[in-house]
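Chemist: Let me begin by handing over the structure; questions about it come next.
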Amino acid sequence: MMTHDFILPDLGEGLTEAEIVSWLVKVGDTITIDQPVVEVESAKSVVELPSPFGGVVQSLFGEAGQVIHAGQVLLSVADAAHSALEPTAEDEVAVPARSETPTEPAAPDAPPTAPSGASGAVLVGYGTSENTRPLRRPSTARFGARDASPEVSVPPPAPEPAAVQPAAVAPSVLLDRPSPVVSPIVRMLARENGFDASALRGSGPNDLVLRRDVEARIRANVTAATTATPAPAASAPATAPTAVPATATATATATAAATAAAAAASAPPPSDTRIPITGPRKVVAERLAQSRREIPEATIWLDVDATELFIARDRLLEATGERFSVTALIARFVVAGLRRYPLLNASVDTASQEILVRGEINLGIAAQTPRGLMVPVVHGAHALTTRQLRDSIAGLVSQAGDGAFSPGALSGGTFTLNNFGSLGVDGSAAIINHPEAAILGIGRMIERPWVVEHELAVRTVVELSMVFDHRVCDGDTAAGFLTYVARCIESPVALLADL
């Protein structure tokens, strides 16, 4: 029988490992070439890997949540033609534990058994037992009589055990497939509380299991346990009211307080929680740490009157019938500013001790996702119109809902724009996204008192904060860029001079 091993390929960009999120096939399935067979999570994204071979799945190597490395075998596939003629060793020796006539198929009304794979995983919704075994027909029943002296002797059937009732499973977990679980933290939180997150019905897109789903299940389990605990028997009522002296009442109160204090002192302290640094969080941590080690950064900031920016946005809506976000408009100003100050669209090559000024402007947009902080990139932003730039940013924002970015969307950035005002803060001394040379932060936009033509007025004000690599440029370059963007925000028509 010809068997092929599907090996985890090189994931590119220095990535050498991935975590299995879920299997899309099981042992015994017939697959075709380029059919997705497994969903894995690398440090950059969650992807489905297609099989380079077609045939019958013989073995799966690894379980959901297990980390695998490039070069490791994921699954083995046998040619369909050979598999139909050659029974496997498992077919030769598998004997139904509950049937005295193994050559007969299971009755139509027999309860389903749990399919088993190489990982031993059991489909949710089926009862499990040590006595439950996969029902297989011996090869002699399927392919005709064989040699009278088989290679493996079949032991006599064991006495039929008592019927095993399917385990009671909550309706919310009776799924036809495991739910997708992207976040390692969500999977760990579920495991620590004694259940599998993929058994839940997720509330995210395409049934994606989010942290709130796991927390809801934990609360439900606690409530169920509390309800199942019998209440202490009520003491018999007193036959007649008895007066209690004040000294006795005080003594009882003091005793109760001392008992409560002793119970609190004897209670175990809250346990520590360890959260593994994996996936995107690991990449972000390494990149930020490297940025702090290598880049001598400096920070400047500026308060800007953004009232005219909102007026310009409303006029664009009236003129075109299309909505333009404030972030998209500021991104347009940033691209124009980088054209004027190209040193900020650069990186430092430490090996050659050179400043590499990038020809293209690939604008990164910092985004908070369920998988943590990620920076998807608008490639070729310098060649886009304002409308195209708006649509590209909107597409990245929509993908941030589940963090399912392709690896290419998270690489190649030359400058980062961070709108932390959406988090409700005014400013931040951000960390540069290594190996870039600068990052621009946008704070929240709120109404503040402002002096306009020597008079006090209420204006919409935003704080811009600029962090730059002092190896690449000095303060005059960074200040020139920041004040240029500020002028465009205060008077968007000023950008017309550079178009």
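Residue numbering restarts at 1 in every chain; chains get A, B, ... in the order shown in the structure tokens, and ligands count up from 1 in that same order.
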Quick one: residues within 12 Å of Arg274 in chain A, only C-alpha atoms, excluding same-chain residues fewer than 3 positions away - as a PyMOL selection string?
Modeler: chain A and resi 185+188-189+192+271+277
Chemist: Can you pull out the residues contacting Thr3 in chain A? Cut-off 10 Å, using only C-alpha atoms, and skip same-chain residues under 3 positions away; I want them as a JSON list (two decimals) with N, CA, C and O atoms, in the first residue's frame.
Modeler:
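part30.json written:
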[["chain", "number", "residue", "atom", "x", "y", "z"],
["A", 6, "PHE", "N", 2.13, 13.88, 4.94],
["A", 6, "PHE", "CA", 1.99, 15.33, 4.78],
["A", 6, "PHE", "C", 2.78, 15.99, 5.89],
["A", 6, "PHE", "O", 2.44, 15.88, 7.06],
["A", 53, "PHE", "N", -1.68, 15.60, -1.14],
["A", 53, "PHE", "CA", -1.98, 14.26, -1.60],
["A", 53, "PHE", "C", -3.48, 13.99, -1.53],
["A", 53, "PHE", "O", -4.19, 14.59, -0.72],
["A", 55, "GLY", "N", -6.41, 10.73, -1.29],
["A", 55, "GLY", "CA", -6.54, 9.35, -0.87],
["A", 55, "GLY", "C", -7.33, 9.22, 0.42],
["A", 55, "GLY", "O", -8.19, 10.05, 0.72],
["A", 56, "VAL", "N", -7.01, 8.19, 1.20],
["A", 56, "VAL", "CA", -7.72, 7.90, 2.45],
["A", 56, "VAL", "C", -6.81, 8.25, 3.62],
["A", 56, "VAL", "O", -5.64, 7.84, 3.66],
["A", 57, "VAL", "N", -7.33, 9.02, 4.57],
["A", 57, "VAL", "CA", -6.56, 9.41, 5.74],
["A", 57, "VAL", "C", -6.30, 8.19, 6.62],
["A", 57, "VAL", "O", -7.24, 7.51, 7.05],
["A", 58, "GLN", "N", -5.03, 7.90, 6.85],
["A", 58, "GLN", "CA", -4.66, 6.75, 7.67],
["A", 58, "GLN", "C", -4.40, 7.12, 9.12],
["A", 58, "GLN", "O", -4.80, 6.41, 10.03],
["A", 76, "SER", "N", -0.93, 11.05, 7.55],
["A", 76, "SER", "CA", -0.52, 10.12, 6.49],
["A", 76, "SER", "C", -1.74, 9.77, 5.66],
["A", 76, "SER", "O", -2.85, 9.61, 6.18],
["A", 77, "VAL", "N", -1.52, 9.67, 4.35],
["A", 77, "VAL", "CA", -2.60, 9.43, 3.39],
["A", 77, "VAL", "C", -2.22, 8.24, 2.53],
["A", 77, "VAL", "O", -1.09, 8.15, 2.03],
["A", 78, "ALA", "N", -3.14, 7.30, 2.39],
["A", 78, "ALA", "CA", -2.94, 6.14, 1.52],
["A", 78, "ALA", "C", -3.69, 6.35, 0.22],
["A", 78, "ALA", "O", -4.77, 6.96, 0.20],
["A", 79, "ASP", "N", -3.11, 5.86, -0.88],
["A", 79, "ASP", "CA", -3.79, 5.94, -2.17],
["A", 79, "ASP", "C", -5.14, 5.25, -2.08],
["A", 79, "ASP", "O", -5.25, 4.14, -1.52],
["A", 80, "ALA", "N", -6.16, 5.86, -2.65],
["A", 80, "ALA", "CA", -7.51, 5.32, -2.53],
["A", 80, "ALA", "C", -7.62, 3.94, -3.15],
["A", 80, "ALA", "O", -8.26, 3.04, -2.62],
["A", 82, "HIS", "N", -5.25, 1.59, -3.56],
["A", 82, "HIS", "CA", -4.62, 0.59, -2.72],
["A", 82, "HIS", "C", -5.38, 0.37, -1.42],
["A", 82, "HIS", "O", -5.47, -0.74, -0.92],
["A", 83, "SER", "N", -5.93, 1.44, -0.89],
["A", 83, "SER", "CA", -6.64, 1.32, 0.39],
["A", 83, "SER", "C", -7.88, 0.47, 0.26],
["A", 83, "SER", "O", -8.28, -0.23, 1.17]]
Chemist: Quote the spacing between CA of Glu19 in chain A and CA of His69 in chain A in Å to one decimal place.
Modeler: 8.7 Å
Chemist: Would you tabulate, counting only C-alpha atoms, all residues of range 256-309 of chain A that have an atom at most 12 Å from an atom of range 407-417 of chain A, showing the closest pair of atoms and their distance in Å to one decimal, sorted by chain then ascending number, as JSON lines?
Modeler:
{"residue": "A:Pro280", "atom": "CA", "partner": "A:Leu410", "partner_atom": "CA", "distance": 10.5}
{"residue": "A:Val283", "atom": "CA", "partner": "A:Leu410", "partner_atom": "CA", "distance": 11.3}
{"residue": "A:Val284", "atom": "CA", "partner": "A:Leu410", "partner_atom": "CA", "distance": 11.4}
Chemist: Any chance you could export the current selection's N, CA, C and O atoms as a PDB file, in the first residue's frame?
Modeler:
ATOM      1  N   PRO A 280       0.543  35.342  18.377  1.00  0.00           N
ATOM      2  CA  PRO A 280       0.814  36.754  18.099  1.00  0.00           C
ATOM      3  C   PRO A 280       1.362  37.496  19.313  1.00  0.00           C
ATOM      4  O   PRO A 280       2.197  38.394  19.166  1.00  0.00           O
ATOM      5  N   VAL A 283       5.097  37.120  19.356  1.00  0.00           N
ATOM      6  CA  VAL A 283       5.776  37.935  18.345  1.00  0.00           C
ATOM      7  C   VAL A 283       5.786  39.399  18.755  1.00  0.00           C
ATOM      8  O   VAL A 283       6.805  40.092  18.637  1.00  0.00           O
ATOM      9  N   VAL A 284       4.646  39.893  19.248  1.00  0.00           N
ATOM     10  CA  VAL A 284       4.569  41.291  19.674  1.00  0.00           C
ATOM     11  C   VAL A 284       5.534  41.554  20.824  1.00  0.00           C
ATOM     12  O   VAL A 284       6.249  42.559  20.852  1.00  0.00           O
TER      13      VAL A 284
END
